[in-house]
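Participant: The structure file data18.tsv (TSV, C-alpha atoms) is provided below.
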```
chain	number	residue	atom	x	y	z
A	1	MET	CA	0.00	0.00	0.00
A	2	VAL	CA	1.42	3.34	-0.99
A	3	ILE	CA	1.09	6.00	1.66
A	4	LEU	CA	1.27	9.63	0.67
A	5	ILE	CA	2.74	12.25	2.93
A	6	THR	CA	3.55	15.70	1.71
A	7	PHE	CA	6.01	18.09	3.12
A	8	LEU	CA	3.85	20.79	4.72
A	9	LEU	CA	5.30	24.21	5.02
A	10	PHE	CA	5.29	26.10	8.25
A	11	ALA	CA	5.47	29.87	8.53
A	12	SER	CA	9.24	29.73	8.76
A	13	LEU	CA	9.46	27.92	5.42
A	14	ALA	CA	6.78	29.82	3.53
A	15	SER	CA	9.20	31.99	1.59
A	16	ALA	CA	11.04	29.03	0.07
A	17	ALA	CA	8.46	28.22	-2.60
A	18	PRO	CA	6.76	30.75	-4.85
A	19	ALA	CA	3.03	31.31	-4.64
A	20	SER	CA	2.46	30.94	-8.37
A	21	ARG	CA	2.50	27.56	-10.09
A	22	ASP	CA	2.47	29.20	-13.52
A	23	ARG	CA	6.01	30.51	-13.36
A	24	VAL	CA	8.42	29.02	-15.88
A	25	THR	CA	12.09	29.85	-15.70
A	26	SER	CA	15.23	28.68	-17.41
A	27	ALA	CA	17.70	29.47	-14.66
A	28	PRO	CA	20.87	27.38	-14.68
A	29	ALA	CA	20.90	24.42	-12.29
A	30	VAL	CA	22.11	25.38	-8.82
A	31	VAL	CA	22.08	21.75	-7.71
A	32	SER	CA	22.81	18.81	-9.99
A	33	SER	CA	21.02	15.48	-10.03
A	34	GLU	CA	24.32	13.91	-9.00
A	35	GLN	CA	24.46	16.10	-5.87
A	36	VAL	CA	20.88	15.20	-4.97
A	37	HIS	CA	21.67	11.48	-5.35
A	38	ASP	CA	24.82	11.91	-3.25
A	39	TRP	CA	22.76	13.50	-0.45
A	40	LEU	CA	20.20	10.70	-0.71
A	41	HIS	CA	22.83	7.97	-0.32
A	42	LEU	CA	24.66	9.81	2.46
A	43	TRP	CA	21.52	10.40	4.53
A	44	GLN	CA	20.07	6.98	3.77
A	45	LYS	CA	23.20	5.49	5.32
A	46	ARG	CA	23.19	7.88	8.30
A	47	LEU	CA	19.52	7.14	8.98
A	48	HIS	CA	20.07	3.38	8.61
A	49	LEU	CA	17.67	3.13	5.70
A	50	GLU	CA	19.98	1.15	3.40
A	51	ASP	CA	17.42	-1.66	3.22
A	52	TRP	CA	15.04	0.71	1.39
A	53	LYS	CA	15.26	1.29	-2.36
A	54	VAL	CA	14.78	5.05	-2.59
A	55	GLU	CA	14.71	7.13	-5.75
A	56	VAL	CA	14.94	10.91	-5.76
A	57	LYS	CA	13.65	13.21	-8.49
A	58	ILE	CA	14.05	16.94	-8.99
A	59	VAL	CA	10.64	18.17	-10.13
A	60	ARG	CA	9.05	21.43	-11.15
A	61	ILE	CA	6.66	23.28	-8.87
A	62	TRP	CA	3.57	22.04	-10.73
A	63	ASP	CA	4.55	18.44	-9.90
A	64	LEU	CA	4.23	19.08	-6.16
A	65	GLU	CA	1.27	19.92	-3.99
A	66	GLN	CA	0.94	23.69	-3.70
A	67	GLY	CA	3.00	25.14	-0.85
A	68	THR	CA	5.35	22.17	-0.57
A	69	LEU	CA	9.07	21.70	-1.19
A	70	GLY	CA	9.10	17.92	-1.32
A	71	HIS	CA	6.98	14.81	-1.27
A	72	ILE	CA	7.46	11.11	-0.63
A	73	ASP	CA	5.50	8.06	-1.76
A	74	TRP	CA	6.42	4.71	-0.23
A	75	SER	CA	5.52	1.05	-0.03
A	76	VAL	CA	6.33	-0.55	3.32
A	77	PRO	CA	5.95	-4.16	2.10
A	78	HIS	CA	8.33	-3.54	-0.81
A	79	LYS	CA	10.57	-1.10	1.09
A	80	THR	CA	10.58	1.28	-1.87
A	81	ALA	CA	10.11	5.02	-1.98
A	82	VAL	CA	10.19	7.92	-4.40
A	83	ILE	CA	11.16	11.37	-3.16
A	84	LYS	CA	10.38	14.48	-5.17
A	85	VAL	CA	12.22	17.71	-4.37
A	86	LEU	CA	11.57	21.16	-5.77
A	87	ASN	CA	13.67	22.21	-8.74
A	88	PRO	CA	16.09	25.05	-7.88
A	89	ALA	CA	14.60	27.07	-10.73
A	90	ASP	CA	11.35	27.32	-8.75
A	91	TYR	CA	12.86	28.50	-5.47
A	92	GLU	CA	12.53	32.08	-4.30
A	93	LEU	CA	15.41	31.73	-1.84
A	94	PRO	CA	18.78	33.26	-2.71
A	95	LYS	CA	20.70	30.79	-4.87
A	96	ASP	CA	23.33	30.22	-2.19
A	97	ARG	CA	20.64	28.92	0.21
A	98	VAL	CA	18.94	26.53	-2.22
A	99	PRO	CA	21.37	23.58	-1.88
A	100	ALA	CA	21.04	23.50	1.92
A	101	ASP	CA	17.26	23.64	1.65
A	102	MET	CA	17.15	20.83	-0.91
A	103	GLU	CA	19.35	18.64	1.30
A	104	LEU	CA	17.06	19.38	4.25
A	105	SER	CA	14.04	18.37	2.13
A	106	ILE	CA	15.68	15.01	1.35
A	107	VAL	CA	16.45	14.39	5.03
A	108	HIS	CA	12.90	15.40	5.96
A	109	GLU	CA	11.37	12.95	3.51
A	110	LEU	CA	13.70	10.14	4.63
A	111	VAL	CA	12.69	10.67	8.26
A	112	HIS	CA	9.11	9.94	7.18
A	113	LEU	CA	10.24	6.40	6.30
A	114	HIS	CA	11.04	5.71	9.95
A	115	LEU	CA	7.42	6.54	10.77
A	116	SER	CA	5.98	4.67	7.79
A	117	ALA	CA	5.06	1.61	9.86
A	118	LEU	CA	2.72	3.70	12.01
A	119	PRO	CA	-0.94	3.91	10.99
A	120	LEU	CA	-1.80	6.97	8.94
A	121	ASN	CA	-4.03	9.22	11.01
A	122	LYS	CA	-5.39	12.45	9.56
A	123	SER	CA	-5.93	13.94	13.02
A	124	SER	CA	-2.24	13.55	13.93
A	125	ARG	CA	-0.80	14.46	10.51
A	126	ASN	CA	0.17	18.00	11.46
A	127	ALA	CA	1.80	16.81	14.67
A	128	GLU	CA	3.73	14.16	12.75
A	129	GLU	CA	4.84	16.74	10.20
A	130	GLN	CA	6.10	19.03	12.97
A	131	VAL	CA	8.05	16.18	14.59
A	132	VAL	CA	9.58	15.14	11.25
A	133	THR	CA	10.55	18.75	10.56
A	134	MET	CA	12.18	19.15	13.98
A	135	ILE	CA	14.11	15.88	13.67
A	136	ALA	CA	15.30	16.69	10.14
A	137	ASN	CA	16.37	20.19	11.19
A	138	ALA	CA	18.23	18.83	14.21
A	139	LEU	CA	20.08	16.23	12.15
A	140	VAL	CA	21.11	18.69	9.46
A	141	ASP	CA	22.09	21.31	12.09
A	142	LEU	CA	24.32	18.73	13.79
A	143	GLU	CA	25.91	17.88	10.46
A	144	ARG	CA	26.66	21.54	9.91
A	145	HIS	CA	28.31	21.78	13.33
A	146	ASP	CA	25.30	23.15	15.10
A	147	GLN	CA	24.94	26.21	12.87
A	148	PRO	CA	21.17	26.60	12.49
A	149	LEU	CA	19.78	26.76	8.99
A	150	PRO	CA	18.24	30.08	8.00
A	151	ASN	CA	14.82	28.46	7.65
A	152	SER	CA	14.97	26.00	10.53
A	153	LEU	CA	12.43	26.17	13.32
A	154	PRO	CA	13.60	28.00	16.48
```
What's the structure tokens form of this structure?
Facilitator:
Amino acid sequence: MVILITFLLFASLASAAPASRDRVTSAPAVVSSEQVHDWLHLWQKRLHLEDWKVEVKIVRIWDLEQGTLGHIDWSVPHKTAVIKVLNPADYELPKDRVPADMELSIVHELVHLHLSALPLNKSSRNAEEQVVTMIANALVDLERHDQPLPNSLP
């Protein structure tokens, strides 16, 4: 059974994605597919998720739910997942902040896999999203020697 969880934005992340889905840009890639795959493999190992087959895709804003930066679909029985992260061309953050935000999105979506065995409950979805966000921020902050990300929760 595929369970869908989307990366909900909180007030502190609201400026990362543009409001319009109609925007088309041809900005040069700030982050390569190779870098995104490197982050996936690094964080999959750190989070002890090597037994999962995870694919990551860089997608345009219209391929994500409005107001989100990433999304994950998974199958617990098959231990497979597909992560979608927002294309750098669709970010409204300064270009130098986009790579860190994309890495954080990957970590965030991977953390969802640790909770994937729990029953999906609409009433606790927001609480789960907040917990996943806090854990992902903490892990990435630790990796960056405890220097908080500009868009991390206080």
Participant: What is the CA of Leu139 (chain A) to CA of Trp43 (chain A) distance in Å?
Facilitator: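 CA of Trp43 (chain A) lies 9.7 Å from CA of Leu139 (chain A).
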Participant: As an exercise, work out the distance from CA of Ser124 (chain A) to CA of Ile72 (chain A) in Å and give it to one decimal place.
Facilitator: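 Answer for the CA of Ser124 (chain A) to CA of Ile72 (chain A) separation: 17.7 Å.
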Participant: To one decimal place in Å, what is the distance between CA of Ser75 (chain A) and CA of Ser116 (chain A)?
Facilitator: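 Taking CA of Ser75 (chain A) and CA of Ser116 (chain A), their separation equals 8.6 Å.
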Participant: Considering only C-alpha atoms, state which residue in the set A:Val36, A:Val132, A:Lys79, A:Glu143 is at the smallest distance from Leu115 (chain A).
Facilitator: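 Looking only at the distances to Leu115 (chain A), the closest residue turns out to be A:Val132.
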Participant: So, counting all atoms listed in the file, which residue among A:Glu34, A:Glu129, A:Asp51, A:Asp141 is closest to Ala81 (chain A)?
Facilitator: A:Asp51
Participant: Need the shell around His48 (chain A): protein/DNA/RNA residues with any atom at most 12 Å away, counting all atoms listed in the file. Skip same-chain ones fewer than 6 positions apart. Format as a PyMOL selection string?
Facilitator: chain A and resi 40-42+110-111+113-114
Participant: Residues within 12 Å of Ser32 (chain A), please, as an MDAnalysis selection string. Count only C-alpha atoms; anything in the same chain fewer than 3 positions from it doesn't count.
Facilitator: chainID A and resid 28:29 35:39 56:58 87:89 98:99 102:103
Participant: For Val54 (chain A), find every residue with an atom within 8 Å (counting only C-alpha atoms), except residues of its own chain fewer than 5 positions away, and show them as a list of chain:residue names.
Facilitator: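 Listed by chain and then number, they are A:Thr80, A:Ala81, A:Val82, A:Ile83.
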Participant: Set up a box along x, y and z of the file covering all listed atoms of region 56-62 of chain A, add 4 Å on every one of the six sides, and write the centre and edge lengths in Å to one decimal, as AutoDock Vina command-line options.
Facilitator:
```
--center_x 9.3 --center_y 17.1 --center_z -8.5 --size_x 19.4 --size_y 20.4 --size_z 13.4
```
Participant: Between A:Trp52, A:Leu64, A:Gln44, A:Thr133, which has the minimum distance to Pro77 (chain A) (counting only C-alpha atoms)?
Facilitator: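 Result for the nearest residue to Pro77 (chain A): A:Trp52.
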